file structure_35.txt (compact mmCIF, C-alpha atoms)
# COMPACT_ATOMS: atom_id res chain seq x y z
CA MET H 1 4.40 -86.49 -1.15
CA ILE H 2 7.07 -89.12 -1.72
CA GLU H 3 8.85 -88.30 1.50
CA ALA H 4 5.63 -88.44 3.53
CA LEU H 5 4.28 -91.66 2.02
CA CYS H 6 7.37 -93.68 1.10
CA VAL H 7 9.99 -92.58 3.61
CA LYS H 8 8.03 -91.52 6.70
CA ASP H 9 4.90 -93.68 6.15
CA ASP H 10 2.86 -90.66 7.25
CA PRO H 11 -0.61 -90.79 5.66
CA GLU H 12 -1.69 -87.41 7.09
CA GLY H 13 1.57 -85.84 5.92
CA PHE H 14 0.96 -87.34 2.48
CA ARG H 15 -2.50 -85.84 2.36
CA ARG H 16 -1.22 -82.42 3.49
CA ALA H 17 1.52 -82.55 0.84
CA MET H 18 -1.06 -83.41 -1.83
CA GLU H 19 -3.21 -80.47 -0.72
CA GLU H 20 -0.23 -78.08 -0.60
CA ALA H 21 0.84 -79.13 -4.12
CA ASP H 22 -2.78 -78.68 -5.30
CA PHE H 23 -3.29 -82.33 -6.25
CA LEU H 24 -6.15 -82.55 -3.75
CA ASP H 25 -8.70 -79.95 -2.75
CA PRO H 26 -7.98 -78.87 0.85
CA GLY H 27 -10.50 -80.34 3.26
CA ALA H 28 -11.98 -82.73 0.67
CA PRO H 29 -14.60 -84.90 2.44
CA ILE H 30 -12.68 -88.10 1.71
CA ALA H 31 -11.00 -90.15 4.44
CA THR H 32 -7.22 -90.00 4.38
CA GLU H 33 -7.18 -93.82 4.17
CA GLN H 34 -9.13 -93.58 0.89
CA VAL H 35 -6.74 -90.96 -0.44
CA VAL H 36 -3.75 -93.19 0.35
CA ALA H 37 -5.46 -96.31 -1.00
CA HIS H 38 -6.25 -94.59 -4.29
CA MET H 39 -2.97 -92.73 -4.76
CA SER H 40 -0.50 -95.29 -3.39
CA LEU H 41 -0.60 -97.30 -6.64
CA PHE H 42 1.56 -94.56 -8.20
CA TYR H 43 4.19 -95.12 -5.51
CA GLU H 44 4.00 -98.91 -5.27
CA SER H 45 7.31 -99.44 -7.05
CA ILE H 46 9.23 -97.20 -4.63
CA ARG H 47 7.57 -97.81 -1.29
CA GLU H 48 9.95 -100.62 -0.35
CA ARG H 49 13.49 -101.66 -1.21
CA GLY H 50 14.22 -104.71 -3.29
CA PRO H 51 13.88 -105.75 -6.89
CA ARG H 52 10.51 -105.29 -8.54
CA THR H 53 9.49 -106.03 -12.07
CA MET H 54 7.47 -103.42 -13.87
CA THR H 55 4.80 -105.19 -15.89
CA SER H 56 2.48 -103.98 -18.59
CA GLU H 57 -0.41 -104.83 -16.23
CA TYR H 58 1.01 -102.49 -13.60
CA SER H 59 1.65 -99.65 -16.05
CA SER H 60 -1.88 -100.07 -17.43
CA ALA H 61 -3.33 -99.98 -13.91
CA VAL H 62 -1.43 -96.76 -13.20
CA ALA H 63 -2.73 -95.15 -16.40
CA ARG H 64 -6.29 -96.27 -15.67
CA ARG H 65 -6.06 -94.82 -12.17
CA TYR H 66 -5.34 -91.38 -13.65
CA VAL H 67 -8.64 -91.43 -15.51
CA ASP H 68 -10.73 -93.21 -12.87
CA PHE H 69 -13.63 -90.78 -12.76
CA LYS H 70 -15.77 -93.25 -10.78
CA SER H 71 -13.53 -92.98 -7.72
CA PRO H 72 -14.94 -90.88 -4.86
CA LEU H 73 -11.62 -89.03 -4.99
CA ALA H 74 -12.12 -87.92 -8.61
CA ALA H 75 -14.25 -84.90 -7.70
CA TYR H 76 -11.50 -83.52 -5.45
CA ALA H 77 -8.25 -84.58 -7.15
CA LYS H 78 -6.50 -83.00 -10.11
CA ILE H 79 -3.13 -82.65 -11.76
CA PRO H 80 -1.88 -79.11 -11.22
CA ARG H 81 -0.76 -77.35 -14.38
CA PRO H 82 2.98 -77.33 -13.46
CA TYR H 83 2.91 -81.13 -13.08
CA VAL H 84 1.07 -82.09 -16.29
CA ILE H 85 4.20 -82.69 -18.36
CA VAL H 86 5.92 -84.54 -15.51
CA GLN H 87 2.92 -86.83 -15.10
CA ARG H 88 2.84 -87.54 -18.84
CA ILE H 89 6.54 -88.41 -18.71
CA ASN H 90 5.91 -90.68 -15.72
CA LEU H 91 3.07 -92.50 -17.47
CA GLY H 92 5.21 -92.94 -20.58
CA LEU H 93 8.11 -94.22 -18.51
CA PHE H 94 5.86 -96.70 -16.68
CA ALA H 95 4.58 -97.92 -20.07
CA ILE H 96 8.10 -98.41 -21.47
CA LEU H 97 9.36 -100.15 -18.32
CA GLY H 98 6.24 -102.32 -18.28
CA GLU H 99 6.75 -103.39 -21.90
CA MET H 100 10.37 -104.26 -21.08
CA ASN H 101 9.40 -106.12 -17.89
CA ALA H 102 12.23 -104.09 -16.38
CA THR H 103 13.42 -105.26 -12.99
CA ALA H 104 15.37 -103.11 -10.54
CA ASP H 105 15.45 -101.88 -6.99
CA TRP H 106 13.41 -98.81 -7.91
CA ARG H 107 13.47 -97.60 -4.30
CA GLY H 108 17.25 -97.83 -4.17
CA LEU H 109 17.55 -95.93 -7.45
CA SER H 110 15.11 -93.31 -6.21
CA GLU H 111 16.92 -92.82 -2.91
CA GLU H 112 20.05 -91.91 -4.85
CA ILE H 113 18.34 -88.82 -6.26
CA TRP H 114 15.90 -87.85 -3.52
CA PRO H 115 17.37 -84.81 -1.74
CA PHE H 116 15.77 -85.88 1.55
CA THR H 117 17.56 -89.26 1.63
CA GLN H 118 20.87 -88.73 -0.20
CA ALA H 119 21.47 -92.48 -0.13
CA PRO H 120 24.67 -94.03 -1.45
CA PRO H 121 24.70 -95.43 -4.99
CA SER H 122 22.83 -98.68 -5.54
CA THR H 123 24.05 -99.42 -9.07
CA PRO H 124 27.35 -99.38 -10.97
CA MET H 125 26.12 -96.29 -12.84
CA GLY H 126 25.40 -94.56 -9.55
CA GLU H 127 28.88 -95.44 -8.31
CA ALA H 128 30.44 -94.07 -11.51
CA GLU H 129 28.43 -90.87 -11.17
CA GLN H 130 29.50 -90.46 -7.54
CA ALA H 131 33.16 -90.88 -8.51
CA TRP H 132 32.75 -88.38 -11.37
CA LEU H 133 31.09 -85.83 -9.09
CA ALA H 134 33.85 -86.27 -6.51
CA SER H 135 36.53 -85.73 -9.16
CA ARG H 136 34.80 -82.54 -10.34
CA GLU H 137 34.63 -81.28 -6.78
CA THR H 138 38.34 -82.01 -6.27
CA ARG H 139 39.25 -80.19 -9.52
CA THR H 140 37.10 -77.20 -8.56
CA ARG H 141 38.81 -76.87 -5.19
CA SER H 142 42.30 -77.11 -6.73
CA ASP H 143 41.57 -74.44 -9.40
call {"tool": "encode", "arguments": {"input": "structure_35.txt", "output": "structure tokens"}}
result
Amino acid sequence: MIEALCVKDDPEGFRRAMEEADFLDPGAPIATEQVVAHMSLFYESIRERGPRTMTSEYSSAVARRYVDFKSPLAAYAKIPRPYVIVQRINLGLFAILGEMNATADWRGLSEEIWPFTQAPPSTPMGEAEQAWLASRETRTRSD
């Protein structure tokens, strides 16, 4: 879903990925534009590069979106059982970052860990991790 929406800007691919992951009923009679409009709030912080501040207003909006039963999408969307804990962690993380007014290049940080981008480090911690991983690889080859 992230790759389709945030990297490829492919609304139809995003919808297909949501259906394949069981977040959206296949063939739901909702326009793809509505699906993207409703769901893109969850990805707002990572859709583009550059610093963004997480606010408590944003984290509240994300949480409210999860329980928006008035949305036309509500009848066809769900959180699949394997993702329930991950979504709870995400909501908690958004709440903490919002309370901190944390600012970062969330897209840059995300690209470091996405397997489909494998971007270079965007922070000192990412650089340190890359150096550590390289040293481990070197030691493994020499053993």
call {"tool": "residues_around", "arguments": {"input": "structure_35.txt", "residues": "region 27-43 of chain H", "least_positions_apart": "3", "cutoff": "12 Å", "atoms": "all atoms listed in the file", "output": "PDB file with C-alpha atoms, in the coordinates of the input"}}
result
ATOM      1  CA  MET H   1       4.400 -86.490  -1.150  1.00  0.00           C
ATOM      2  CA  ILE H   2       7.070 -89.120  -1.720  1.00  0.00           C
ATOM      3  CA  GLU H   3       8.850 -88.300   1.500  1.00  0.00           C
ATOM      4  CA  ALA H   4       5.630 -88.440   3.530  1.00  0.00           C
ATOM      5  CA  LEU H   5       4.280 -91.660   2.020  1.00  0.00           C
ATOM      6  CA  CYS H   6       7.370 -93.680   1.100  1.00  0.00           C
ATOM      7  CA  VAL H   7       9.990 -92.580   3.610  1.00  0.00           C
ATOM      8  CA  ASP H   9       4.900 -93.680   6.150  1.00  0.00           C
ATOM      9  CA  ASP H  10       2.860 -90.660   7.250  1.00  0.00           C
ATOM     10  CA  PRO H  11      -0.610 -90.790   5.660  1.00  0.00           C
ATOM     11  CA  GLU H  12      -1.690 -87.410   7.090  1.00  0.00           C
ATOM     12  CA  GLY H  13       1.570 -85.840   5.920  1.00  0.00           C
ATOM     13  CA  PHE H  14       0.960 -87.340   2.480  1.00  0.00           C
ATOM     14  CA  ARG H  15      -2.500 -85.840   2.360  1.00  0.00           C
ATOM     15  CA  ARG H  16      -1.220 -82.420   3.490  1.00  0.00           C
ATOM     16  CA  ALA H  17       1.520 -82.550   0.840  1.00  0.00           C
ATOM     17  CA  MET H  18      -1.060 -83.410  -1.830  1.00  0.00           C
ATOM     18  CA  GLU H  19      -3.210 -80.470  -0.720  1.00  0.00           C
ATOM     19  CA  GLU H  20      -0.230 -78.080  -0.600  1.00  0.00           C
ATOM     20  CA  ASP H  22      -2.780 -78.680  -5.300  1.00  0.00           C
ATOM     21  CA  PHE H  23      -3.290 -82.330  -6.250  1.00  0.00           C
ATOM     22  CA  LEU H  24      -6.150 -82.550  -3.750  1.00  0.00           C
ATOM     23  CA  ILE H  46       9.230 -97.200  -4.630  1.00  0.00           C
ATOM     24  CA  ARG H  47       7.570 -97.810  -1.290  1.00  0.00           C
ATOM     25  CA  GLU H  48       9.950-100.620  -0.350  1.00  0.00           C
ATOM     26  CA  TYR H  58       1.010-102.490 -13.600  1.00  0.00           C
ATOM     27  CA  SER H  59       1.650 -99.650 -16.050  1.00  0.00           C
ATOM     28  CA  SER H  60      -1.880-100.070 -17.430  1.00  0.00           C
ATOM     29  CA  ALA H  61      -3.330 -99.980 -13.910  1.00  0.00           C
ATOM     30  CA  VAL H  62      -1.430 -96.760 -13.200  1.00  0.00           C
ATOM     31  CA  ALA H  63      -2.730 -95.150 -16.400  1.00  0.00           C
ATOM     32  CA  ARG H  64      -6.290 -96.270 -15.670  1.00  0.00           C
ATOM     33  CA  ARG H  65      -6.060 -94.820 -12.170  1.00  0.00           C
ATOM     34  CA  TYR H  66      -5.340 -91.380 -13.650  1.00  0.00           C
ATOM     35  CA  VAL H  67      -8.640 -91.430 -15.510  1.00  0.00           C
ATOM     36  CA  ASP H  68     -10.730 -93.210 -12.870  1.00  0.00           C
ATOM     37  CA  PHE H  69     -13.630 -90.780 -12.760  1.00  0.00           C
ATOM     38  CA  LYS H  70     -15.770 -93.250 -10.780  1.00  0.00           C
ATOM     39  CA  SER H  71     -13.530 -92.980  -7.720  1.00  0.00           C
ATOM     40  CA  PRO H  72     -14.940 -90.880  -4.860  1.00  0.00           C
ATOM     41  CA  LEU H  73     -11.620 -89.030  -4.990  1.00  0.00           C
ATOM     42  CA  ALA H  74     -12.120 -87.920  -8.610  1.00  0.00           C
ATOM     43  CA  ALA H  75     -14.250 -84.900  -7.700  1.00  0.00           C
ATOM     44  CA  TYR H  76     -11.500 -83.520  -5.450  1.00  0.00           C
ATOM     45  CA  ALA H  77      -8.250 -84.580  -7.150  1.00  0.00           C
ATOM     46  CA  LYS H  78      -6.500 -83.000 -10.110  1.00  0.00           C
ATOM     47  CA  GLN H  87       2.920 -86.830 -15.100  1.00  0.00           C
ATOM     48  CA  ASN H  90       5.910 -90.680 -15.720  1.00  0.00           C
ATOM     49  CA  LEU H  91       3.070 -92.500 -17.470  1.00  0.00           C
ATOM     50  CA  PHE H  94       5.860 -96.700 -16.680  1.00  0.00           C
ATOM     51  CA  TRP H 106      13.410 -98.810  -7.910  1.00  0.00           C
ATOM     52  CA  ARG H 107      13.470 -97.600  -4.300  1.00  0.00           C
ATOM     53  CA  SER H 110      15.110 -93.310  -6.210  1.00  0.00           C
TER      54      SER H 110
END
call {"tool": "residues_near_point", "arguments": {"input": "structure_35.txt", "point": "(24.1, -99.0, -5.8)", "cutoff": "10 Å", "atoms": "only C-alpha atoms", "output": "ChimeraX atom specification"}}
result
/H:105,108-109,111-112,119-128
call {"tool": "atom_distance", "arguments": {"input": "structure_35.txt", "atom1": "CA of Ala21 (chain H)", "atom2": "CA of Ile79 (chain H)"}}
result
9.3 Å
call {"tool": "residues_near_point", "arguments": {"input": "structure_35.txt", "point": "(8.5, -105.8, -17.0)", "cutoff": "12 Å", "atoms": "all atoms listed in the file", "output": "mmCIF file with C-alpha atoms, keeping the file's coordinate frame"}}
result
data_model
loop_
_atom_site.group_PDB
_atom_site.id
_atom_site.type_symbol
_atom_site.label_atom_id
_atom_site.label_comp_id
_atom_site.auth_asym_id
_atom_site.auth_seq_id
_atom_site.Cartn_x
_atom_site.Cartn_y
_atom_site.Cartn_z
ATOM 1 C CA SER H 45 7.310 -99.440 -7.050
ATOM 2 C CA PRO H 51 13.880 -105.750 -6.890
ATOM 3 C CA ARG H 52 10.510 -105.290 -8.540
ATOM 4 C CA THR H 53 9.490 -106.030 -12.070
ATOM 5 C CA MET H 54 7.470 -103.420 -13.870
ATOM 6 C CA THR H 55 4.800 -105.190 -15.890
ATOM 7 C CA SER H 56 2.480 -103.980 -18.590
ATOM 8 C CA GLU H 57 -0.410 -104.830 -16.230
ATOM 9 C CA TYR H 58 1.010 -102.490 -13.600
ATOM 10 C CA SER H 59 1.650 -99.650 -16.050
ATOM 11 C CA SER H 60 -1.880 -100.070 -17.430
ATOM 12 C CA LEU H 93 8.110 -94.220 -18.510
ATOM 13 C CA PHE H 94 5.860 -96.700 -16.680
ATOM 14 C CA ALA H 95 4.580 -97.920 -20.070
ATOM 15 C CA ILE H 96 8.100 -98.410 -21.470
ATOM 16 C CA LEU H 97 9.360 -100.150 -18.320
ATOM 17 C CA GLY H 98 6.240 -102.320 -18.280
ATOM 18 C CA GLU H 99 6.750 -103.390 -21.900
ATOM 19 C CA MET H 100 10.370 -104.260 -21.080
ATOM 20 C CA ASN H 101 9.400 -106.120 -17.890
ATOM 21 C CA ALA H 102 12.230 -104.090 -16.380
ATOM 22 C CA THR H 103 13.420 -105.260 -12.990
ATOM 23 C CA ALA H 104 15.370 -103.110 -10.540
#
call {"tool": "atom_distance", "arguments": {"input": "structure_35.txt", "atom1": "CA of Phe116 (chain H)", "atom2": "CA of Glu137 (chain H)"}}
result
21.1 Å
call {"tool": "atom_distance", "arguments": {"input": "structure_35.txt", "atom1": "CA of Ile113 (chain H)", "atom2": "CA of Gln130 (chain H)"}}
result
11.4 Å
call {"tool": "build_atoms", "arguments": {"input": "structure_35.txt", "residues": "region 116-141 of chain H", "atoms": "N, CA and C atoms", "output": "short mmCIF file (atom, residue, chain, number, x, y, z; two decimals), in the frame of the given file"}}
result
data_model
loop_
_atom_site.label_atom_id
_atom_site.label_comp_id
_atom_site.auth_asym_id
_atom_site.auth_seq_id
_atom_site.Cartn_x
_atom_site.Cartn_y
_atom_site.Cartn_z
N PHE H 116 16.05 -85.66 0.14
CA PHE H 116 15.77 -85.88 1.55
C PHE H 116 16.33 -87.21 2.05
N THR H 117 16.93 -88.02 1.18
CA THR H 117 17.56 -89.26 1.63
C THR H 117 19.05 -89.27 1.36
N GLN H 118 19.46 -88.76 0.19
CA GLN H 118 20.87 -88.73 -0.20
C GLN H 118 21.55 -90.07 0.09
N ALA H 119 20.95 -91.14 -0.37
CA ALA H 119 21.47 -92.48 -0.13
C ALA H 119 22.70 -92.74 -1.02
N PRO H 120 23.51 -93.68 -0.61
CA PRO H 120 24.67 -94.03 -1.45
C PRO H 120 24.20 -94.71 -2.73
N PRO H 121 25.07 -94.80 -3.73
CA PRO H 121 24.70 -95.43 -4.99
C PRO H 121 24.27 -96.88 -4.78
N SER H 122 23.32 -97.30 -5.62
CA SER H 122 22.83 -98.68 -5.54
C SER H 122 23.10 -99.44 -6.83
N THR H 123 23.75 -98.79 -7.78
CA THR H 123 24.05 -99.42 -9.07
C THR H 123 25.46 -99.03 -9.50
N PRO H 124 26.04 -99.78 -10.43
CA PRO H 124 27.35 -99.38 -10.97
C PRO H 124 27.32 -97.98 -11.60
N MET H 125 26.21 -97.63 -12.26
CA MET H 125 26.12 -96.29 -12.84
C MET H 125 26.11 -95.23 -11.75
N GLY H 126 25.41 -95.49 -10.66
CA GLY H 126 25.40 -94.56 -9.55
C GLY H 126 26.78 -94.40 -8.93
N GLU H 127 27.51 -95.50 -8.83
CA GLU H 127 28.88 -95.44 -8.31
C GLU H 127 29.78 -94.62 -9.23
N ALA H 128 29.64 -94.83 -10.55
CA ALA H 128 30.44 -94.07 -11.51
C ALA H 128 30.11 -92.58 -11.42
N GLU H 129 28.82 -92.27 -11.28
CA GLU H 129 28.43 -90.87 -11.17
C GLU H 129 29.01 -90.24 -9.90
N GLN H 130 28.96 -90.98 -8.79
CA GLN H 130 29.50 -90.46 -7.54
C GLN H 130 30.99 -90.17 -7.67
N ALA H 131 31.72 -91.09 -8.31
CA ALA H 131 33.16 -90.88 -8.51
C ALA H 131 33.41 -89.67 -9.40
N TRP H 132 32.61 -89.52 -10.45
CA TRP H 132 32.75 -88.38 -11.37
C TRP H 132 32.47 -87.07 -10.64
N LEU H 133 31.40 -87.04 -9.84
CA LEU H 133 31.09 -85.83 -9.09
C LEU H 133 32.20 -85.49 -8.10
N ALA H 134 32.75 -86.50 -7.45
CA ALA H 134 33.85 -86.27 -6.51
C ALA H 134 35.07 -85.71 -7.22
N SER H 135 35.37 -86.22 -8.41
CA SER H 135 36.53 -85.73 -9.16
C SER H 135 36.31 -84.28 -9.59
N ARG H 136 35.11 -83.93 -9.96
CA ARG H 136 34.80 -82.54 -10.34
C ARG H 136 34.98 -81.62 -9.15
N GLU H 137 34.51 -82.09 -7.98
CA GLU H 137 34.63 -81.28 -6.78
C GLU H 137 36.11 -81.05 -6.42
N THR H 138 36.91 -82.10 -6.55
CA THR H 138 38.34 -82.01 -6.27
C THR H 138 39.01 -81.02 -7.23
N ARG H 139 38.67 -81.11 -8.52
CA ARG H 139 39.25 -80.19 -9.52
C ARG H 139 38.83 -78.77 -9.23
N THR H 140 37.59 -78.55 -8.83
CA THR H 140 37.10 -77.20 -8.56
C THR H 140 37.84 -76.59 -7.39
N ARG H 141 38.09 -77.39 -6.36
CA ARG H 141 38.81 -76.87 -5.19
C ARG H 141 40.27 -76.56 -5.50
#
